[in-house]
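Raw model15.cif, mmCIF, C-alpha atoms:
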data_target
#
loop_
_atom_site.group_PDB
_atom_site.id
_atom_site.type_symbol
_atom_site.label_atom_id
_atom_site.label_comp_id
_atom_site.auth_asym_id
_atom_site.auth_seq_id
_atom_site.Cartn_x
_atom_site.Cartn_y
_atom_site.Cartn_z
ATOM 1 C CA MET I 1 -27.242 201.888 125.321
ATOM 2 C CA LYS I 2 -24.268 203.899 124.056
ATOM 3 C CA VAL I 3 -25.604 203.702 120.507
ATOM 4 C CA SER I 4 -29.009 205.042 121.526
ATOM 5 C CA LEU I 5 -27.393 207.859 123.503
ATOM 6 C CA ALA I 6 -25.222 208.796 120.523
ATOM 7 C CA ARG I 7 -28.235 208.814 118.193
ATOM 8 C CA GLY I 8 -30.147 210.941 120.663
ATOM 9 C CA ALA I 9 -27.324 213.458 120.807
ATOM 10 C CA LEU I 10 -27.105 213.590 117.013
ATOM 11 C CA GLY I 11 -30.869 213.939 116.802
ATOM 12 C CA SER I 12 -30.770 216.988 119.070
ATOM 13 C CA LEU I 13 -28.027 218.502 116.896
ATOM 14 C CA ALA I 14 -30.101 217.846 113.774
ATOM 15 C CA PHE I 15 -33.080 219.564 115.385
ATOM 16 C CA ALA I 16 -30.960 222.550 116.453
ATOM 17 C CA LEU I 17 -29.545 222.951 112.946
ATOM 18 C CA SER I 18 -32.834 222.551 111.083
ATOM 19 C CA THR I 19 -34.735 224.964 113.323
ATOM 20 C CA GLY I 20 -32.088 227.483 114.320
ATOM 21 C CA VAL I 21 -29.739 227.938 111.358
ATOM 22 C CA PRO I 22 -30.903 229.828 108.228
ATOM 23 C CA GLY I 23 -30.438 228.232 104.830
ATOM 24 C CA ILE I 24 -30.519 224.593 105.954
ATOM 25 C CA HIS I 25 -32.412 222.477 103.414
ATOM 26 C CA SER I 26 -32.456 219.432 105.682
ATOM 27 C CA ALA I 27 -30.706 218.003 108.727
ATOM 28 C CA ALA I 28 -31.462 214.399 109.615
ATOM 29 C CA ILE I 29 -29.950 211.137 110.779
ATOM 30 C CA GLU I 30 -29.173 208.923 107.763
ATOM 31 C CA GLU I 31 -27.645 205.490 108.305
ATOM 32 C CA GLY I 32 -26.699 206.500 111.829
ATOM 33 C CA GLU I 33 -24.916 209.709 110.786
ATOM 34 C CA LEU I 34 -25.966 213.351 110.860
ATOM 35 C CA VAL I 35 -26.312 214.642 107.278
ATOM 36 C CA VAL I 36 -26.891 218.347 106.644
ATOM 37 C CA ARG I 37 -27.834 219.768 103.240
ATOM 38 C CA THR I 38 -27.496 223.465 102.532
ATOM 39 C CA GLY I 39 -27.096 225.922 99.670
ATOM 40 C CA ARG I 40 -23.818 227.203 98.293
ATOM 41 C CA ASP I 41 -24.563 230.722 99.527
ATOM 42 C CA ARG I 42 -24.874 229.510 103.136
ATOM 43 C CA LEU I 43 -21.958 227.086 103.159
ATOM 44 C CA LEU I 44 -19.280 229.271 104.759
ATOM 45 C CA ALA I 45 -21.551 230.470 107.541
ATOM 46 C CA LEU I 46 -22.590 226.901 108.337
ATOM 47 C CA MET I 47 -19.050 225.530 108.262
ATOM 48 C CA GLY I 48 -17.791 228.300 110.534
ATOM 49 C CA LEU I 49 -20.607 227.496 112.963
ATOM 50 C CA LEU I 50 -19.842 223.770 112.928
ATOM 51 C CA ARG I 51 -16.190 224.431 113.653
ATOM 52 C CA ASP I 52 -16.482 227.165 116.288
ATOM 53 C CA ASP I 53 -19.736 226.490 118.131
ATOM 54 C CA PRO I 54 -18.952 224.288 121.184
ATOM 55 C CA ARG I 55 -22.108 222.244 120.581
ATOM 56 C CA TYR I 56 -20.632 220.939 117.331
ATOM 57 C CA ALA I 57 -16.850 221.533 117.728
ATOM 58 C CA CYS I 58 -15.881 219.976 114.392
ATOM 59 C CA GLU I 59 -12.159 220.542 114.650
ATOM 60 C CA GLN I 60 -11.232 218.390 111.662
ATOM 61 C CA LEU I 61 -12.232 218.146 108.025
ATOM 62 C CA MET I 62 -11.619 214.448 107.434
ATOM 63 C CA ASP I 63 -12.589 214.328 103.796
ATOM 64 C CA LEU I 64 -14.114 216.265 100.918
ATOM 65 C CA CYS I 65 -15.341 214.402 97.868
ATOM 66 C CA GLY I 66 -17.587 214.751 94.860
ATOM 67 C CA VAL I 67 -20.535 212.760 93.514
ATOM 68 C CA ASP I 68 -21.798 213.022 89.938
ATOM 69 C CA TYR I 69 -25.483 212.781 88.957
ATOM 70 C CA PRO I 70 -25.480 213.757 85.256
ATOM 71 C CA ALA I 71 -29.279 213.825 84.954
ATOM 72 C CA ARG I 72 -29.612 216.618 87.513
ATOM 73 C CA ALA I 73 -29.459 220.315 86.627
ATOM 74 C CA GLU I 74 -26.847 220.715 89.378
ATOM 75 C CA ARG I 75 -25.117 217.450 88.662
ATOM 76 C CA PHE I 76 -22.453 217.541 91.368
ATOM 77 C CA GLU I 77 -22.689 217.024 95.099
ATOM 78 C CA VAL I 78 -19.752 218.246 97.169
ATOM 79 C CA VAL I 79 -19.609 216.238 100.395
ATOM 80 C CA TYR I 80 -17.752 217.399 103.525
ATOM 81 C CA ASN I 81 -17.073 214.872 106.298
ATOM 82 C CA LEU I 82 -16.382 216.644 109.585
ATOM 83 C CA LEU I 83 -15.137 215.136 112.860
ATOM 84 C CA SER I 84 -15.470 216.440 116.390
ATOM 85 C CA VAL I 85 -12.684 214.995 118.510
ATOM 86 C CA THR I 86 -14.198 216.714 121.538
ATOM 87 C CA HIS I 87 -17.616 215.063 121.233
ATOM 88 C CA ASN I 88 -16.626 212.021 119.137
ATOM 89 C CA HIS I 89 -19.250 212.612 116.488
ATOM 90 C CA ARG I 90 -19.249 213.159 112.748
ATOM 91 C CA ILE I 91 -21.308 215.536 110.642
ATOM 92 C CA ARG I 92 -21.663 215.301 106.868
ATOM 93 C CA VAL I 93 -22.449 218.480 104.938
ATOM 94 C CA ILE I 94 -23.648 218.348 101.320
ATOM 95 C CA VAL I 95 -24.038 221.140 98.763
ATOM 96 C CA THR I 96 -24.867 220.891 95.058
ATOM 97 C CA THR I 97 -23.415 222.719 92.073
ATOM 98 C CA ASP I 98 -22.806 222.474 88.340
ATOM 99 C CA GLU I 99 -19.859 222.974 86.006
ATOM 100 C CA ALA I 100 -20.083 226.770 86.002
ATOM 101 C CA ASN I 101 -20.978 227.851 89.546
ATOM 102 C CA PRO I 102 -18.137 227.651 92.079
ATOM 103 C CA VAL I 103 -18.408 226.479 95.669
ATOM 104 C CA ALA I 104 -16.787 228.637 98.330
ATOM 105 C CA SER I 105 -13.450 227.278 99.519
ATOM 106 C CA VAL I 106 -13.120 226.316 103.192
ATOM 107 C CA HIS I 107 -9.313 226.248 103.224
ATOM 108 C CA HIS I 108 -9.201 229.163 105.663
ATOM 109 C CA LEU I 109 -11.236 227.099 108.144
ATOM 110 C CA TRP I 110 -9.339 223.832 107.629
ATOM 111 C CA PRO I 111 -6.036 224.260 105.731
ATOM 112 C CA CYS I 112 -6.110 220.608 104.647
ATOM 113 C CA ALA I 113 -9.128 221.475 102.479
ATOM 114 C CA THR I 114 -6.755 222.708 99.765
ATOM 115 C CA TRP I 115 -5.725 219.129 98.991
ATOM 116 C CA TRP I 116 -9.316 217.863 98.953
ATOM 117 C CA GLU I 117 -10.595 220.759 96.846
ATOM 118 C CA ARG I 118 -7.828 220.266 94.309
ATOM 119 C CA GLU I 119 -8.729 216.575 94.080
ATOM 120 C CA CYS I 120 -12.435 217.337 93.616
ATOM 121 C CA TYR I 121 -11.562 219.867 90.905
ATOM 122 C CA ASP I 122 -9.230 217.408 89.198
ATOM 123 C CA MET I 123 -11.618 214.443 89.254
ATOM 124 C CA TYR I 124 -14.949 216.241 88.683
ATOM 125 C CA GLY I 125 -14.184 219.767 87.471
ATOM 126 C CA VAL I 126 -15.907 221.413 90.444
ATOM 127 C CA LEU I 127 -14.697 225.009 90.885
ATOM 128 C CA PHE I 128 -13.889 226.480 94.313
ATOM 129 C CA SER I 129 -13.958 230.259 94.704
ATOM 130 C CA GLY I 130 -11.303 231.758 96.984
ATOM 131 C CA GLN I 131 -9.012 228.755 96.583
ATOM 132 C CA PRO I 132 -5.548 230.193 95.811
ATOM 133 C CA ASP I 133 -4.080 226.930 94.490
ATOM 134 C CA LEU I 134 -6.753 225.311 92.310
ATOM 135 C CA ARG I 135 -4.501 223.031 90.257
ATOM 136 C CA ARG I 136 -4.795 219.395 89.263
ATOM 137 C CA ILE I 137 -3.319 217.058 91.841
ATOM 138 C CA LEU I 138 -3.730 213.443 90.617
ATOM 139 C CA THR I 139 -3.691 213.607 86.822
ATOM 140 C CA ASP I 140 -0.687 214.555 84.719
ATOM 141 C CA TYR I 141 0.192 217.885 83.115
ATOM 142 C CA GLY I 142 -2.013 218.651 80.127
ATOM 143 C CA PHE I 143 -4.637 216.051 81.063
ATOM 144 C CA GLU I 144 -7.991 216.635 79.353
ATOM 145 C CA GLY I 145 -11.294 216.073 81.101
ATOM 146 C CA HIS I 146 -12.238 214.920 84.589
ATOM 147 C CA PRO I 147 -11.981 211.139 85.085
ATOM 148 C CA LEU I 148 -14.676 210.555 87.730
ATOM 149 C CA ARG I 149 -17.479 212.177 85.783
ATOM 150 C CA LYS I 150 -20.009 209.569 84.698
ATOM 151 C CA ASP I 151 -19.738 210.690 81.064
ATOM 152 C CA PHE I 152 -15.939 210.410 80.935
ATOM 153 C CA PRO I 153 -14.951 207.569 78.528
ATOM 154 C CA LEU I 154 -13.517 204.512 80.255
ATOM 155 C CA THR I 155 -10.610 204.471 77.810
ATOM 156 C CA GLY I 156 -9.750 208.129 78.349
ATOM 157 C CA TYR I 157 -8.776 210.439 75.526
ATOM 158 C CA VAL I 158 -5.019 209.860 75.334
ATOM 159 C CA GLU I 159 -2.569 207.101 76.160
ATOM 160 C CA MET I 160 1.034 207.406 77.250
ATOM 161 C CA ARG I 161 4.095 205.276 76.596
ATOM 162 C CA TYR I 162 7.843 205.506 76.721
ATOM 163 C CA ASP I 163 9.376 206.086 73.285
ATOM 164 C CA GLU I 164 12.768 204.415 72.979
ATOM 165 C CA ASP I 165 13.817 206.518 69.984
ATOM 166 C CA ARG I 166 12.904 209.844 71.571
ATOM 167 C CA ARG I 167 13.882 208.676 75.076
ATOM 168 C CA GLN I 168 10.897 210.306 76.689
ATOM 169 C CA VAL I 169 7.277 209.719 77.644
ATOM 170 C CA VAL I 170 4.930 210.584 74.774
ATOM 171 C CA TYR I 171 1.174 211.093 74.632
ATOM 172 C CA GLU I 172 -0.940 209.809 71.747
ATOM 173 C CA PRO I 173 -4.662 209.532 70.981
ATOM 174 C CA VAL I 174 -6.208 206.319 72.259
ATOM 175 C CA LYS I 175 -6.256 203.611 69.584
ATOM 176 C CA LEU I 176 -8.437 200.526 70.050
ATOM 177 C CA THR I 177 -7.451 198.247 67.181
ATOM 178 C CA GLN I 178 -10.116 195.564 66.726
ATOM 179 C CA ASP I 179 -9.135 194.136 63.330
ATOM 180 C CA PHE I 180 -7.241 191.101 64.581
ATOM 181 C CA ARG I 181 -9.380 190.301 67.592
ATOM 182 C CA ASN I 182 -11.776 187.351 67.573
ATOM 183 C CA PHE I 183 -14.787 187.682 69.857
ATOM 184 C CA ASP I 184 -16.607 184.379 70.391
ATOM 185 C CA PHE I 185 -18.294 185.420 73.665
ATOM 186 C CA GLU I 186 -17.815 181.925 75.102
ATOM 187 C CA SER I 187 -16.398 181.080 78.474
ATOM 188 C CA PRO I 188 -13.001 179.417 78.083
ATOM 189 C CA TRP I 189 -14.307 176.606 80.312
ATOM 190 C CA GLU I 190 -17.156 175.726 77.955
ATOM 191 C CA GLY I 191 -14.789 174.149 75.446
ATOM 192 C CA ILE I 192 -13.380 171.741 78.021
ATOM 193 C CA LEU I 193 -15.549 168.667 78.446
ATOM 194 C CA THR I 194 -13.498 166.951 81.091
ATOM 195 C CA LEU I 195 -11.143 168.491 83.570
ATOM 196 C CA PRO I 196 -8.179 166.476 84.844
ATOM 197 C CA GLY I 197 -9.354 164.310 87.741
ATOM 198 C CA ASP I 198 -13.008 164.698 86.737
ATOM 199 C CA GLU I 199 -13.239 161.646 84.454
ATOM 200 C CA LYS I 200 -15.733 159.748 86.638
ATOM 201 C CA ALA I 201 -18.057 162.725 86.935
ATOM 202 C CA HIS I 202 -17.921 163.204 83.173
ATOM 203 C CA GLU I 203 -18.675 159.524 82.635
ATOM 204 C CA SER I 204 -21.780 159.582 84.808
ATOM 205 C CA ARG I 205 -22.897 162.910 83.371
ATOM 206 C CA GLN I 206 -22.681 161.682 79.769
ATOM 207 C CA GLY I 207 -23.821 158.114 80.414
ATOM 208 C CA LEU I 208 -20.553 156.835 79.006
ATOM 209 C CA LYS I 209 -18.174 154.177 80.131
ATOM 210 C CA LEU I 210 -14.567 155.141 79.692
ATOM 211 C CA PRO I 211 -11.999 152.509 78.685
ATOM 212 C CA ARG I 212 -10.098 151.016 81.603
#
Would you write out, as structure tokens, the structure that this file holds?
Amino acid sequence: MKVSLARGALGSLAFALSTGVPGIHSAAIEEGELVVRTGRDRLLALMGLLRDDPRYACEQLMDLCGVDYPARAERFEVVYNLLSVTHNHRIRVIVTTDEANPVASVHHLWPCATWWERECYDMYGVLFSGQPDLRRILTDYGFEGHPLRKDFPLTGYVEMRYDEDRRQVVYEPVKLTQDFRNFDFESPWEGILTLPGDEKAHESRQGLKLPR
């Protein structure tokens, strides 16, 4: 009963957003949660509404993350997960962008957004206009690239180690030496005919009779 009431309340919010707010591409219940898609140019107006309008009352920005779809013209989705403590509901807002066009920062609405926007910039390279502190936050100084992009190499571009002679951490190009590696592509278990304690099973399997 509570679940159906909650879905009904979210459904009415979805209807109010899709019919009464300009610039909404879609607002629907997906997997039991209200998901709203809008354009970059309408993001700030929508987020201010979701925070300040008592019908939505999203006091907290719980999370901001990126998603990468390299085949799309606007390859990145920026996903905002909002929480209303007052109404105990969540609203997810999604906008799309590419490497060149920035998304408006929401740090003035939720100060914690600075941390999330820096992470999204660091991991995906998404730019946020109006963000006064758009620096990397997880990778090291001088890091090249954005590690959560689908086209980022799994090995990275550089490797780091501690140099005993120089007594400092040094960065070097990634080296994958294959000359002395032997690839047989076999499971290590395939070379073992009989495991300890499995002699009887091996005997019946092979039709053999082991010496007693």
Review point. In Å to one decimal, how far is atom CA of I:Glu77 from atom CA of I:Arg51?
Key: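 Straight-line distance from atom CA of I:Arg51 to atom CA of I:Glu77 works out to 21.0 Å.
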**Study point:** Ground truth for the PyMOL selection byres ((chain I and resi 79) around 10), written as a list in words
**Key:** Val35, Val36, Arg37, Asp63, Leu64, Cys65, Gly66, Val67, Phe76, Glu77, Val78, Tyr80, Asn81, Leu82, Arg92, Val93, Ile94, Val95, Thr96 and Cys120 of chain I
Practice item. List every protein, DNA or RNA residue that has at least one atom no more than 10 Å from (-26.6, 222.0, 90.3) in the file's coordinates, counting only C-alpha atoms, and write the result as a ChimeraX atom specification. Key: /I:40,69-70,72-77,95-101
With C-alpha atoms retained, export the selected residues as a compact mmCIF listing (two decimals), in the frame of the given file.
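The resulting file, selection-v4.txt, is shown below:
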# COMPACT_ATOMS: atom_id res chain seq x y z
CA ARG I 40 -23.82 227.20 98.29
CA TYR I 69 -25.48 212.78 88.96
CA PRO I 70 -25.48 213.76 85.26
CA ARG I 72 -29.61 216.62 87.51
CA ALA I 73 -29.46 220.32 86.63
CA GLU I 74 -26.85 220.72 89.38
CA ARG I 75 -25.12 217.45 88.66
CA PHE I 76 -22.45 217.54 91.37
CA GLU I 77 -22.69 217.02 95.10
CA VAL I 95 -24.04 221.14 98.76
CA THR I 96 -24.87 220.89 95.06
CA THR I 97 -23.42 222.72 92.07
CA ASP I 98 -22.81 222.47 88.34
CA GLU I 99 -19.86 222.97 86.01
CA ALA I 100 -20.08 226.77 86.00
CA ASN I 101 -20.98 227.85 89.55
Review point. Expressed in Å to a single decimal, how great is the separation between atom CA of I:Leu83 and atom CA of I:Met62?
Key: 6.5 Å
Practice item. Could you please determine the separation between atom CA of I:Pro102 and atom CA of I:Pro147 in Å, to one decimal place? Key: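 Computed distance, atom CA of I:Pro102 to atom CA of I:Pro147, equals 19.0 Å.
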Review point. So which residues get picked by the PyMOL selection byres ((chain I and resi 26) around 9) here, written as a PyMOL selection string?
Key: chain I and resi 14+17-18+24-25+27-28+35-38
Convert the output of the PyMOL selection byres ((chain I and resi 137) around 7) on the shown file into explicit residues, formatted as an mmCIF file with C-alpha atoms, in the frame of the given file.
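What landed in selection-v7.cif:
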data_model
loop_
_atom_site.group_PDB
_atom_site.id
_atom_site.type_symbol
_atom_site.label_atom_id
_atom_site.label_comp_id
_atom_site.auth_asym_id
_atom_site.auth_seq_id
_atom_site.Cartn_x
_atom_site.Cartn_y
_atom_site.Cartn_z
ATOM 1 C CA ARG I 118 -7.828 220.266 94.309
ATOM 2 C CA GLU I 119 -8.729 216.575 94.080
ATOM 3 C CA ASP I 122 -9.230 217.408 89.198
ATOM 4 C CA ARG I 135 -4.501 223.031 90.257
ATOM 5 C CA ARG I 136 -4.795 219.395 89.263
ATOM 6 C CA LEU I 138 -3.730 213.443 90.617
ATOM 7 C CA THR I 139 -3.691 213.607 86.822
#
Review point. Quick one: of I:Met160, I:Leu44, I:Gln60, I:Thr19, who's nearest to I:Gly130, counting only C-alpha atoms?
Key: I:Leu44
